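The next block holds one structure in the form of structure tokens; read it before the comments.
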Amino acid sequence: TLPEDTCYKVEDFLQLIDGQLIIKPGVTITFDYNAGLQVLNAGRLVTEGTANKKITLRGKNSEAGYWAGILIGNTGSGQNTLSHVIIRDSGSSDAAIFVSGDNVRLDVNNAHFENNLHAGLKVNDPNAKVTVASSSFTQNGLPLDIPANLIAKLASDLRFENNEKDHIRTGGHIYESAVWPAFSVPYNIASIISFEDHVKLTLSANSVLLFDSNT
């Protein structure tokens with residue numbers, strides 16, 4: 001557990017492969033160049049920021065892509081949470097938060113992603129259990145890169161501003177009926193969307209879909 005209102009510096013890659021890392025309100029973690037955090041195997045990440053005492057994860061220098069970001073791998077350790085946290089200056093790897101594997105559980109609420117070189121949040125498996133609510137994406141390379149099957153897990157109160165590619169990148173198979181919320185930015189359909197039999201997709205009013213070629 002990282003106690004409330006403390007500061008830390010990460011100089012290389014940290015691997016959390018067993019147990020849980022709990023980050024208390026007001027903690028600031030500064031990452032050196034290309035440093036990062038990997039949550040793997042039985043590891044679990046829990047940030048417990050509050051509205052008045054947010055947790056900050058940032059680069060030592062305020063440059064997009066300065067540090068690698070956080071990988072949450074195919075863990076079976078229970079729910080990972082990012083609550084009232086600011087994540088900025090990352091992206092020398094794929095994303096500020098990269099979720100890999102179908103067994104990952106991640107709840108993102110009241111998070112702010114800013115000045116990240118690539119995606120704020122990227123998920124590569126349509127069966128991951130990921131929810132995102134009350135969060136904002138500002139001046140990132142891309143706010144969200146997420147499978148079509150998980151779009152319905154995005155709350156309608158997400159906010160987007162001045163991202164280089166100001167859209168939500170998606171595609172792939174949809175396994176159950178879903179309602180996609182409308183946002184101030186469009187969906188970028190980057191690969192073909194397919195459906196299970198009898199699955200119904202409902203688009204909320206004012207939704208905009210931009211299709212790449214051959215999709």
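Every chain in the structure tokens takes a letter, A first, then B, and so on in the order presented; its residues are numbered from 1, and the ligands are numbered from 1 following the presented order.
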Which neighbours of A:Asp32 fall inside 6 Å, counting only C-alpha atoms, when residues of the same chain fewer than 2 positions from it are skipped, and could you give them as a PyMOL selection string? chain A and resi 11+35+60
File dump, residues just selected, all heavy atoms, as a PDB file, in the first residue's frame:
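Wrote again.pdb, looks like this:
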ATOM      1  N   GLU A  11      12.085   4.122 -11.775  1.00  0.00           N
ATOM      2  CA  GLU A  11      13.212   4.310 -12.679  1.00  0.00           C
ATOM      3  C   GLU A  11      13.285   3.274 -13.788  1.00  0.00           C
ATOM      4  O   GLU A  11      14.064   3.438 -14.730  1.00  0.00           O
ATOM      5  CB  GLU A  11      14.510   4.278 -11.869  1.00  0.00           C
ATOM      6  CG  GLU A  11      14.605   5.406 -10.844  1.00  0.00           C
ATOM      7  CD  GLU A  11      15.874   5.357 -10.032  1.00  0.00           C
ATOM      8  OE1 GLU A  11      16.514   4.280  -9.996  1.00  0.00           O
ATOM      9  OE2 GLU A  11      16.235   6.390  -9.425  1.00  0.00           O
ATOM     10  N   ALA A  35      10.162   3.984 -18.442  1.00  0.00           N
ATOM     11  CA  ALA A  35       9.751   3.167 -17.298  1.00  0.00           C
ATOM     12  C   ALA A  35       8.253   2.882 -17.389  1.00  0.00           C
ATOM     13  O   ALA A  35       7.532   3.494 -18.184  1.00  0.00           O
ATOM     14  CB  ALA A  35      10.086   3.880 -15.992  1.00  0.00           C
ATOM     15  N   LYS A  60       8.580  12.019 -15.679  1.00  0.00           N
ATOM     16  CA  LYS A  60       9.481  12.975 -15.027  1.00  0.00           C
ATOM     17  C   LYS A  60       9.531  14.264 -15.839  1.00  0.00           C
ATOM     18  O   LYS A  60       9.604  15.361 -15.282  1.00  0.00           O
ATOM     19  CB  LYS A  60      10.875  12.372 -14.887  1.00  0.00           C
ATOM     20  CG  LYS A  60      11.843  13.250 -14.111  1.00  0.00           C
ATOM     21  CD  LYS A  60      13.171  12.560 -13.883  1.00  0.00           C
ATOM     22  CE  LYS A  60      13.988  12.458 -15.168  1.00  0.00           C
ATOM     23  NZ  LYS A  60      15.353  11.934 -14.904  1.00  0.00           N
TER      24      LYS A  60
END
Give me the residues within 9 Å of A:Ile17 as a ChimeraX atom specification, counting only C-alpha atoms and dropping any in the same chain fewer than 5 places off. /A:38-44,75
Store the residues picked out above, limited to N, CA, C and O atoms, as an mmCIF file, in the first residue's frame.
data_model
loop_
_atom_site.group_PDB
_atom_site.id
_atom_site.type_symbol
_atom_site.label_atom_id
_atom_site.label_comp_id
_atom_site.auth_asym_id
_atom_site.auth_seq_id
_atom_site.Cartn_x
_atom_site.Cartn_y
_atom_site.Cartn_z
ATOM 1 N N GLN A 38 3.771 -3.169 -15.060
ATOM 2 C CA GLN A 38 3.077 -4.324 -15.629
ATOM 3 C C GLN A 38 2.365 -5.069 -14.505
ATOM 4 O O GLN A 38 2.989 -5.430 -13.505
ATOM 5 N N VAL A 39 1.069 -5.286 -14.678
ATOM 6 C CA VAL A 39 0.262 -6.027 -13.710
ATOM 7 C C VAL A 39 -0.071 -7.372 -14.354
ATOM 8 O O VAL A 39 -0.822 -7.420 -15.335
ATOM 9 N N LEU A 40 0.499 -8.440 -13.820
ATOM 10 C CA LEU A 40 0.438 -9.745 -14.471
ATOM 11 C C LEU A 40 0.044 -10.838 -13.482
ATOM 12 O O LEU A 40 0.074 -10.634 -12.262
ATOM 13 N N ASN A 41 -0.309 -12.005 -14.028
ATOM 14 C CA ASN A 41 -0.561 -13.208 -13.241
ATOM 15 C C ASN A 41 -1.570 -12.938 -12.120
ATOM 16 O O ASN A 41 -2.721 -12.649 -12.392
ATOM 17 N N ALA A 42 -1.136 -13.008 -10.869
ATOM 18 C CA ALA A 42 -2.054 -12.809 -9.738
ATOM 19 C C ALA A 42 -1.982 -11.387 -9.191
ATOM 20 O O ALA A 42 -2.443 -11.115 -8.080
ATOM 21 N N GLY A 43 -1.418 -10.452 -9.966
ATOM 22 C CA GLY A 43 -1.321 -9.069 -9.520
ATOM 23 C C GLY A 43 -2.639 -8.330 -9.671
ATOM 24 O O GLY A 43 -3.496 -8.687 -10.479
ATOM 25 N N ARG A 44 -2.780 -7.268 -8.890
ATOM 26 C CA ARG A 44 -4.005 -6.462 -8.926
ATOM 27 C C ARG A 44 -3.651 -5.028 -8.581
ATOM 28 O O ARG A 44 -2.918 -4.771 -7.618
ATOM 29 N N THR A 75 -4.677 -11.218 -15.967
ATOM 30 C CA THR A 75 -4.676 -11.548 -14.553
ATOM 31 C C THR A 75 -5.973 -12.233 -14.158
ATOM 32 O O THR A 75 -7.025 -11.999 -14.741
#
For A:Phe195, please output as a VMD selection string all residues within 12 Å (counting only C-alpha atoms; exclusion window: fewer than 5 positions along the same chain). chain A and resid 148 to 149 171 to 178 200 to 201
Residues within 12 Å of A:Lys54, please, as JSON, numbers by chain. Count only C-alpha atoms; anything in the same chain fewer than 4 positions from it doesn't count. {"A": [4, 5, 6, 23, 24, 25, 26, 27, 28, 29, 47, 48, 49, 50, 82, 83, 84, 85, 86, 87, 109, 110, 111, 112]}
Residues within 12 Å of A:Ser156, only C-alpha atoms, excluding chain neighbours under 5 positions, as a ChimeraX atom specification: /A:131-136,151,179-185,204-205,207
note - atom CA of A:Ile193 and atom CA of A:Leu144 are separated by 16.9 Å
List the neighbours of A:Ala68 out to 8 Å using only C-alpha atoms; skip same-chain residues closer than 4 positions along the sequence, and give me the result as a PyMOL selection string. chain A and resi 33-36+90-96
Could those residues be written to a file, using all heavy atoms, as a tab-separated table (two decimals), in the first residue's frame?
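Generated output (part.tsv):
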chain	number	residue	atom	x	y	z
A	33	TYR	N	12.24	7.93	-18.04
A	33	TYR	CA	12.09	7.64	-19.47
A	33	TYR	C	11.95	6.13	-19.72
A	33	TYR	O	12.78	5.33	-19.25
A	33	TYR	CB	13.30	8.18	-20.23
A	33	TYR	CG	13.23	7.98	-21.71
A	33	TYR	CD1	12.30	8.69	-22.47
A	33	TYR	CD2	14.07	7.09	-22.35
A	33	TYR	CE1	12.22	8.50	-23.84
A	33	TYR	CE2	14.01	6.90	-23.72
A	33	TYR	CZ	13.07	7.61	-24.46
A	33	TYR	OH	13.00	7.41	-25.81
A	34	ASN	N	10.91	5.75	-20.43
A	34	ASN	CA	10.61	4.37	-20.82
A	34	ASN	C	10.30	3.45	-19.64
A	34	ASN	O	10.19	2.24	-19.81
A	34	ASN	CB	11.74	3.75	-21.65
A	34	ASN	CG	11.58	4.05	-23.13
A	34	ASN	OD1	10.51	4.46	-23.58
A	34	ASN	ND2	12.64	3.88	-23.88
A	35	ALA	N	10.16	3.98	-18.44
A	35	ALA	CA	9.75	3.17	-17.30
A	35	ALA	C	8.25	2.88	-17.39
A	35	ALA	O	7.53	3.49	-18.18
A	35	ALA	CB	10.09	3.88	-15.99
A	36	GLY	N	7.78	1.94	-16.59
A	36	GLY	CA	6.36	1.61	-16.64
A	36	GLY	C	5.99	0.59	-15.57
A	36	GLY	O	6.80	0.22	-14.72
A	90	SER	N	2.48	9.50	-21.10
A	90	SER	CA	2.94	8.14	-21.39
A	90	SER	C	2.76	7.81	-22.87
A	90	SER	O	2.34	8.65	-23.66
A	90	SER	CB	2.17	7.12	-20.54
A	90	SER	OG	0.89	6.90	-21.07
A	91	GLY	N	3.06	6.55	-23.20
A	91	GLY	CA	2.78	6.09	-24.54
A	91	GLY	C	3.98	5.71	-25.36
A	91	GLY	O	3.88	5.58	-26.58
A	92	SER	N	5.16	5.53	-24.73
A	92	SER	CA	6.27	5.00	-25.51
A	92	SER	C	6.01	3.55	-25.90
A	92	SER	O	6.68	3.00	-26.77
A	92	SER	CB	7.59	5.13	-24.75
A	92	SER	OG	7.57	4.40	-23.55
A	93	SER	N	5.00	2.91	-25.26
A	93	SER	CA	4.49	1.62	-25.72
A	93	SER	C	3.15	1.88	-26.40
A	93	SER	O	2.94	2.93	-26.99
A	93	SER	CB	4.36	0.64	-24.55
A	93	SER	OG	3.48	1.15	-23.58
A	94	ASP	N	2.18	0.97	-26.31
A	94	ASP	CA	0.94	1.09	-27.08
A	94	ASP	C	-0.05	2.11	-26.55
A	94	ASP	O	-0.80	2.71	-27.31
A	94	ASP	CB	0.25	-0.27	-27.16
A	94	ASP	CG	0.94	-1.22	-28.12
A	94	ASP	OD1	1.47	-0.74	-29.12
A	94	ASP	OD2	0.95	-2.43	-27.85
A	95	ALA	N	-0.10	2.31	-25.24
A	95	ALA	CA	-1.16	3.13	-24.67
A	95	ALA	C	-0.80	3.51	-23.24
A	95	ALA	O	0.06	2.89	-22.61
A	95	ALA	CB	-2.49	2.38	-24.69
A	96	ALA	N	-1.49	4.53	-22.72
A	96	ALA	CA	-1.32	4.85	-21.30
A	96	ALA	C	-1.73	3.66	-20.44
A	96	ALA	O	-1.02	3.26	-19.53
A	96	ALA	CB	-2.14	6.09	-20.95
Could you go through stretch 105-184 of chain A and tell me which residues DSSP, when run on the backbone, assigns to helix (DSSP H, G or I), listing them as a ChimeraX atom specification? /A:148-153
Rounded to one decimal in Å, what is the spacing between atom CA of A:His198 and atom CA of A:Pro126? 18.3 Å
